[in-house]
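**Q** Sharing a structure with you now.
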Amino acid sequence: MQELQTLFLVPVIALGLAAALHATAYLHGEARRHQPRFWLFFVATLAAMAGVVLAPGMLAFLLAWEAMGLASAGLVAFENTEKSVRKATWIYLLACHAGACALMLAGVLLGRPDCTLAAFLCAVVGFGLKIGFPPFHVWLPEAHPAAPAPASAILSGAMIPLGFYGLLRFATPWGQAPEIWGQTPAMFAISGWILLVLGIFGALGGILFALPQVNLKKLLAFSSVENMGVVALGLGLACLGTDPRFDPRFVGTGPQATPIAALALSGALAHVLNHGFLKGGLFLGAGSVLRQTGTLDQDRLGGLLKRLPKTGTLFVLNALGLAGLPPLNGFLSELLIYLAAFHAIRSHVPALMAAGFLVIAALALTGGLAAAAYTKAIGATFLGESRSDAAARAVEAPSRMWLATLGLFVGSLAMTVGTVVCARLLPPALGIAPVPDALLSSLLAVVGISFALVLLAAALVAVRRILCPRGRIKPVCPTWDCGYHAPTARMAYTATAFTQPLVDLFAPLLKPRHHLIPFKGHPATPTDAAFVTETDDRALAGFWRPVFTGCARLFQRAHLLQSGSLHFYIFLALLAVLVLLAASLV
Amino acid sequence: MNIAYFLLALLLAPFFLGLVNQTKAFFAGRRGPGLFRLYFDLAKLLRKSCPRAATSTWLFDLAPSIALAATLLAALVFPWSLEAGPTDAAHAPLAALSSVVFFYLLGTGRFFTVLGALDTGSAFEGMGASREVQFSALVEPAIFVLLGFLVLLTGGDSLADLLAGYQTGIWAHHAAPLLLAGLAFFAILLSECCRVPFDDPETHLELTMIHEAMILDNAGPDLAFIHYGAALKFELLAAFLVAMLLPALPFASALRFALLMGGVGATAVAVGIVESTLARMRFLKTPQVLLATLLLTTLGALLFVLF
């Protein structure tokens, strides 16, 4: 349990420090009298998060959990003069409290052998509201863009994964009361498949909705849904891999044990850390972009790598890591989950084989789409020509901002080795068969390959430098645009254009909305035309709004009781007493 | 020993693209540019200077080098000698993870190629990059389900086990799934290497390009890196296809390597024939074909499990 606590405290502390450093510069533009409010809620959030991790029992945990929700709602509401921020805060508060309700119910049910499934479902709903399992993810794409960037970094990198901490601690066979799980072996399969399905929906749904977003922070928020889905995939596979009804090789701790659960679990947990560092860096980078340009609309940015070279370079590197590509750390944790899936396929147990194939297909498609989403985010925000004056006039962010991001990136680099350490330490700490030493050295070899990639790239860059010396690399020509003489920034591909083919392909799922303002007037002298496309979160409009309006309609019926007449109320009270008396007699 | 084959494979890479072009020339009744054209082109490009668009940044300068480095490392990971069997973790620690690492390294290469294209701010390069990420995202699940199928088939870990770890008898019992997987991977190869019917390397119109559109602004050594990387990627994926279809061979490793290269040559000829006989597909149809590769690999795995 201590190892688990350490693991979840690392992002809290690291992101807390980096976000604080970033915030000192980020808040510079705010009125002085507002700043203490930020710091109050910031420190309270961090303290509550540490409390959640270190809470000794369920009651203390729930108290800290509520405190964390309330304090962070204060952070989300920081710029409360804007209507969208107030709306986001309400949604966030609602999600926090709904989650806490489910968790209290789970707390009552936990530890009762006859209610394992009910307790697990309550915990999944309660923690899922924090983690952002679909359809509970609605608050993420609202609250993350609304909160100040340092706060979003903490929310996304450190707070969301705490839901997994709670899930692991209270509702899985590796946390408290494993003997209860031993009594109901069917729970391994049930919980595994629930997490697996949530993971598939989260990973694919998250990245699909991230693709069309033009607001940079909204894109990052949906990508958090995706990454939490990846973690859930790993956890689900681990649950299935520890099912005692299967071949004992899967659950034993001996040298013969198949390390499905160990690989999947350590991959999932290492992904929590990797995602925390990388996403924290990306949110801080987005905050710098917002401060220097005044907008997060990617269709109005562009060309920032020239104007914010340090911020931009760090953003590119963090995005590469989060797209799950070598040589950075995001790749290693996904690799562990892939490997667990391969072991599951090889086990020749039908359920495990099916799960393995599902995990592999989902991870691969997620990876491909994530590469698309992040090349879009980089390309539209930092590359090409600036598409607005604000972007064209931007200058490098204050050093404290990019230093904070750099600090997190150094943490990411350390996590390449850290992932291997996770794979070594976590499975024994949680009481499952360890990852074999041979596989650990394989993982270290992958870290070696990552270094080799960097070195080889550096060598090729050096060769290129010799072949065309710096003096001969001159920006002499405009970009080739089919022979057109005066290309403008408006001709470049925008963020929307870049993802349009994929968005169109998945249009039945995404349901993008198009607004077309057509040409007016004579064809020879047309007025301005415009075309806007938006992709809203469908869970909010398609699921929760009907649910809540349905509830409101239901409660309207109860309005009959609220007549305003005191006599009627006294009558009701009397009636209630009589009914209770009668009930006690029977 | 593998390192010698690796170097030999690096040397041979541009030859196979020449073979494709020569096949196409044969079908078109032309004399063709010759089998070794790409070698001369590369030598010429390496001597030229690198002008660069005023819009672009360091990312554009470095992207071709990083992409080539990733492809070279993928080639280093590839088991050229096709030596299956229990690998000694002390000597080849990477082996157990080589299959995933192999395809992810190619992914890193693509990531930087796309960023380099976007860095120019050109409408055409943006268009090419957009299509590239779309197609590769759709191909990815098919590739990894195929890897899962190979894990199922061979029970192995490393790329060498997956590619050469099954006995000849497998073909007698499971020819159908193997053929389906081979067909799917051939389509994947055509898409990943930007060949007809997914992309046309010889088109002269920017609007219809994918890979070529992404490198419109590259010149000199950068362009040489890109062309060589493309040739190497073609050789790698073709070698993957051939090795996947060949069972474990009881020959000396040199003969196995020669067979592998022969197979790559045959694949190149097949690609040339496909390019000569097929028209390019409409862009809107392409995703459907790519998703069909996923169906084919899944079907192959299901057939193997059920029968």
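The way I read the labels, and the way they are meant: chains A, B, ... in the order of the structure tokens, residue 1 as the first residue of every chain, and ligand 1 as the first ligand shown, with later ones counted on from there.
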If we count only C-alpha atoms and set the cut-off at 7 Å, which residues sit around stretch 176-193 of chain A, ignoring sequence neighbours fewer than 6 positions away in its own chain? Please answer as a ChimeraX atom specification.
**A** /A:111,113,117,169-170,236-237,239-240,243-245
**Q** Using the selection just defined, write its residues with N, CA and C atoms as a JSON list (two decimals), in the first residue's frame.
**A**
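part_30.json, written as the output of this step:
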```json
[["chain", "number", "residue", "atom", "x", "y", "z"],
["A", 111, "GLY", "N", -16.95, -4.31, 2.09],
["A", 111, "GLY", "CA", -16.65, -5.19, 3.21],
["A", 111, "GLY", "C", -17.76, -6.16, 3.50],
["A", 113, "PRO", "N", -19.60, -9.33, 2.16],
["A", 113, "PRO", "CA", -19.35, -10.33, 1.11],
["A", 113, "PRO", "C", -20.52, -10.47, 0.14],
["A", 117, "LEU", "N", -20.51, -6.93, -5.72],
["A", 117, "LEU", "CA", -20.77, -6.35, -7.03],
["A", 117, "LEU", "C", -21.38, -4.96, -6.89],
["A", 169, "ARG", "N", -7.68, 0.96, -4.17],
["A", 169, "ARG", "CA", -7.57, 0.75, -2.74],
["A", 169, "ARG", "C", -8.83, 0.10, -2.17],
["A", 170, "PHE", "N", -9.99, 0.50, -2.68],
["A", 170, "PHE", "CA", -11.22, 0.04, -2.04],
["A", 170, "PHE", "C", -11.99, -0.99, -2.85],
["A", 236, "GLY", "N", -8.30, -3.46, -16.24],
["A", 236, "GLY", "CA", -9.26, -4.50, -16.56],
["A", 236, "GLY", "C", -8.56, -5.80, -16.91],
["A", 237, "LEU", "N", -7.51, -5.66, -17.72],
["A", 237, "LEU", "CA", -6.74, -6.85, -18.09],
["A", 237, "LEU", "C", -6.11, -7.50, -16.86],
["A", 239, "CYS", "N", -7.31, -7.39, -13.80],
["A", 239, "CYS", "CA", -8.37, -8.08, -13.06],
["A", 239, "CYS", "C", -8.62, -9.46, -13.67],
["A", 240, "LEU", "N", -8.73, -9.49, -15.01],
["A", 240, "LEU", "CA", -8.98, -10.77, -15.67],
["A", 240, "LEU", "C", -7.81, -11.72, -15.45],
["A", 243, "ASP", "N", -7.82, -13.79, -12.23],
["A", 243, "ASP", "CA", -8.98, -14.63, -11.94],
["A", 243, "ASP", "C", -8.53, -16.01, -11.48],
["A", 244, "PRO", "N", -8.85, -16.38, -10.23],
["A", 244, "PRO", "CA", -8.35, -17.66, -9.71],
["A", 244, "PRO", "C", -9.00, -18.86, -10.38],
["A", 245, "ARG", "N", -10.10, -18.64, -11.14],
["A", 245, "ARG", "CA", -10.75, -19.79, -11.75],
["A", 245, "ARG", "C", -9.98, -20.29, -12.97]]
```
**Q** Pull the helix (DSSP H, G or I) assignments for stretch 154-244 of chain B out of DSSP run on the backbone, and list those residues as an NGL selection string.
**A** :B and (154 or 159-164 or 169-173 or 175-192 or 206-208 or 211-214 or 220-244)
**Q** Would you mind listing, as a PyMOL selection string, all residues of chain B that have at least one atom within 6 Å of chain A, where only C-alpha atoms are what counts?
**A** chain B and resi 49-54+65-66+69+89+93-94+108+118-123+126+130+133-134+137+140-141+145+152+155
**Q** Output the selection as a PDB file, in the first residue's frame - N, CA and C atoms for each residue.
**A**
```pdb
ATOM      1  N   SER B  49      22.633  21.615 -51.955  1.00  0.00           N
ATOM      2  CA  SER B  49      22.416  22.402 -50.746  1.00  0.00           C
ATOM      3  C   SER B  49      20.964  22.275 -50.305  1.00  0.00           C
ATOM      4  N   CYS B  50      20.686  22.789 -49.097  1.00  0.00           N
ATOM      5  CA  CYS B  50      19.325  22.676 -48.571  1.00  0.00           C
ATOM      6  C   CYS B  50      18.707  24.054 -48.447  1.00  0.00           C
ATOM      7  N   PRO B  51      18.099  24.550 -49.478  1.00  0.00           N
ATOM      8  CA  PRO B  51      17.344  25.792 -49.280  1.00  0.00           C
ATOM      9  C   PRO B  51      16.118  25.486 -48.445  1.00  0.00           C
ATOM     10  N   ARG B  52      15.659  26.479 -47.736  1.00  0.00           N
ATOM     11  CA  ARG B  52      14.478  26.160 -46.925  1.00  0.00           C
ATOM     12  C   ARG B  52      13.540  27.342 -46.893  1.00  0.00           C
ATOM     13  N   ALA B  53      12.254  27.026 -46.753  1.00  0.00           N
ATOM     14  CA  ALA B  53      11.238  28.069 -46.789  1.00  0.00           C
ATOM     15  C   ALA B  53      11.379  28.979 -45.585  1.00  0.00           C
ATOM     16  N   ALA B  54      11.084  30.246 -45.800  1.00  0.00           N
ATOM     17  CA  ALA B  54      11.243  31.221 -44.724  1.00  0.00           C
ATOM     18  C   ALA B  54      10.321  30.926 -43.554  1.00  0.00           C
ATOM     19  N   SER B  65      16.027  13.959 -40.580  1.00  0.00           N
ATOM     20  CA  SER B  65      17.074  13.202 -39.890  1.00  0.00           C
ATOM     21  C   SER B  65      16.476  12.322 -38.807  1.00  0.00           C
ATOM     22  N   ILE B  66      15.537  12.878 -38.017  1.00  0.00           N
ATOM     23  CA  ILE B  66      14.935  12.091 -36.941  1.00  0.00           C
ATOM     24  C   ILE B  66      14.134  10.935 -37.533  1.00  0.00           C
ATOM     25  N   ALA B  69      16.449   8.301 -38.652  1.00  0.00           N
ATOM     26  CA  ALA B  69      17.039   7.600 -37.507  1.00  0.00           C
ATOM     27  C   ALA B  69      16.063   6.556 -36.976  1.00  0.00           C
ATOM     28  N   ALA B  89      18.061 -13.942 -23.024  1.00  0.00           N
ATOM     29  CA  ALA B  89      17.807 -12.583 -22.561  1.00  0.00           C
ATOM     30  C   ALA B  89      19.101 -11.825 -22.304  1.00  0.00           C
ATOM     31  N   PRO B  93      18.378  -8.782 -25.115  1.00  0.00           N
ATOM     32  CA  PRO B  93      17.333  -8.432 -24.151  1.00  0.00           C
ATOM     33  C   PRO B  93      16.125  -7.779 -24.817  1.00  0.00           C
ATOM     34  N   LEU B  94      16.355  -7.107 -25.931  1.00  0.00           N
ATOM     35  CA  LEU B  94      15.247  -6.387 -26.550  1.00  0.00           C
ATOM     36  C   LEU B  94      14.239  -7.343 -27.155  1.00  0.00           C
ATOM     37  N   THR B 108       7.140   6.835 -34.938  1.00  0.00           N
ATOM     38  CA  THR B 108       7.893   8.052 -34.606  1.00  0.00           C
ATOM     39  C   THR B 108       8.384   8.736 -35.879  1.00  0.00           C
ATOM     40  N   LEU B 118       3.992  20.052 -41.827  1.00  0.00           N
ATOM     41  CA  LEU B 118       3.140  21.128 -41.313  1.00  0.00           C
ATOM     42  C   LEU B 118       3.957  22.391 -41.046  1.00  0.00           C
ATOM     43  N   ASP B 119       5.257  22.211 -40.792  1.00  0.00           N
ATOM     44  CA  ASP B 119       6.099  23.348 -40.441  1.00  0.00           C
ATOM     45  C   ASP B 119       6.250  24.336 -41.597  1.00  0.00           C
ATOM     46  N   THR B 120       6.034  23.862 -42.825  1.00  0.00           N
ATOM     47  CA  THR B 120       6.195  24.778 -43.946  1.00  0.00           C
ATOM     48  C   THR B 120       5.003  25.698 -44.103  1.00  0.00           C
ATOM     49  N   GLY B 121       3.876  25.330 -43.503  1.00  0.00           N
ATOM     50  CA  GLY B 121       2.687  26.166 -43.626  1.00  0.00           C
ATOM     51  C   GLY B 121       2.056  26.123 -45.005  1.00  0.00           C
ATOM     52  N   SER B 122       2.446  25.139 -45.811  1.00  0.00           N
ATOM     53  CA  SER B 122       1.889  25.047 -47.153  1.00  0.00           C
ATOM     54  C   SER B 122       0.555  24.327 -47.121  1.00  0.00           C
ATOM     55  N   ALA B 123      -0.380  24.804 -47.939  1.00  0.00           N
ATOM     56  CA  ALA B 123      -1.696  24.158 -47.982  1.00  0.00           C
ATOM     57  C   ALA B 123      -1.562  22.717 -48.448  1.00  0.00           C
ATOM     58  N   GLY B 126       0.002  20.495 -45.808  1.00  0.00           N
ATOM     59  CA  GLY B 126      -0.994  20.243 -44.774  1.00  0.00           C
ATOM     60  C   GLY B 126      -1.960  19.166 -45.217  1.00  0.00           C
ATOM     61  N   SER B 130      -2.441  15.588 -43.472  1.00  0.00           N
ATOM     62  CA  SER B 130      -3.765  15.220 -42.966  1.00  0.00           C
ATOM     63  C   SER B 130      -4.163  13.839 -43.469  1.00  0.00           C
ATOM     64  N   VAL B 133      -1.947  11.019 -41.733  1.00  0.00           N
ATOM     65  CA  VAL B 133      -2.322  10.602 -40.378  1.00  0.00           C
ATOM     66  C   VAL B 133      -3.640   9.846 -40.394  1.00  0.00           C
ATOM     67  N   GLN B 134      -4.524  10.209 -41.315  1.00  0.00           N
ATOM     68  CA  GLN B 134      -5.795   9.490 -41.386  1.00  0.00           C
ATOM     69  C   GLN B 134      -5.559   8.026 -41.750  1.00  0.00           C
ATOM     70  N   ALA B 137      -3.638   6.022 -39.058  1.00  0.00           N
ATOM     71  CA  ALA B 137      -4.442   5.719 -37.869  1.00  0.00           C
ATOM     72  C   ALA B 137      -5.351   4.533 -38.127  1.00  0.00           C
ATOM     73  N   GLU B 140      -3.244   1.149 -38.243  1.00  0.00           N
ATOM     74  CA  GLU B 140      -2.615   0.723 -36.991  1.00  0.00           C
ATOM     75  C   GLU B 140      -3.304  -0.473 -36.324  1.00  0.00           C
ATOM     76  N   PRO B 141      -4.642  -0.443 -36.114  1.00  0.00           N
ATOM     77  CA  PRO B 141      -5.255  -1.601 -35.454  1.00  0.00           C
ATOM     78  C   PRO B 141      -5.062  -2.885 -36.235  1.00  0.00           C
ATOM     79  N   VAL B 145      -3.487  -6.211 -34.546  1.00  0.00           N
ATOM     80  CA  VAL B 145      -4.257  -7.458 -34.484  1.00  0.00           C
ATOM     81  C   VAL B 145      -3.484  -8.555 -35.210  1.00  0.00           C
ATOM     82  N   LEU B 152      -0.450 -15.711 -31.416  1.00  0.00           N
ATOM     83  CA  LEU B 152      -1.296 -16.889 -31.257  1.00  0.00           C
ATOM     84  C   LEU B 152      -0.738 -18.068 -32.055  1.00  0.00           C
ATOM     85  N   GLY B 155       3.187 -18.582 -30.615  1.00  0.00           N
ATOM     86  CA  GLY B 155       3.442 -18.615 -29.187  1.00  0.00           C
ATOM     87  C   GLY B 155       4.711 -17.891 -28.797  1.00  0.00           C
TER      88      GLY B 155
END
```
**Q** For B:Pro14, please output as a list in words all residues within 10 Å (counting only C-alpha atoms; exclusion window: fewer than 4 positions along the same chain).
**A**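 Returned residues: Ala9, Leu10, Gly18, Leu19, Leu35, Phe36, Arg37, Leu38, Tyr39, Phe40, Leu42, His227, Tyr228, Gly229, Ala230, Ala231, Leu232, Phe234 and Glu235 of chain B.
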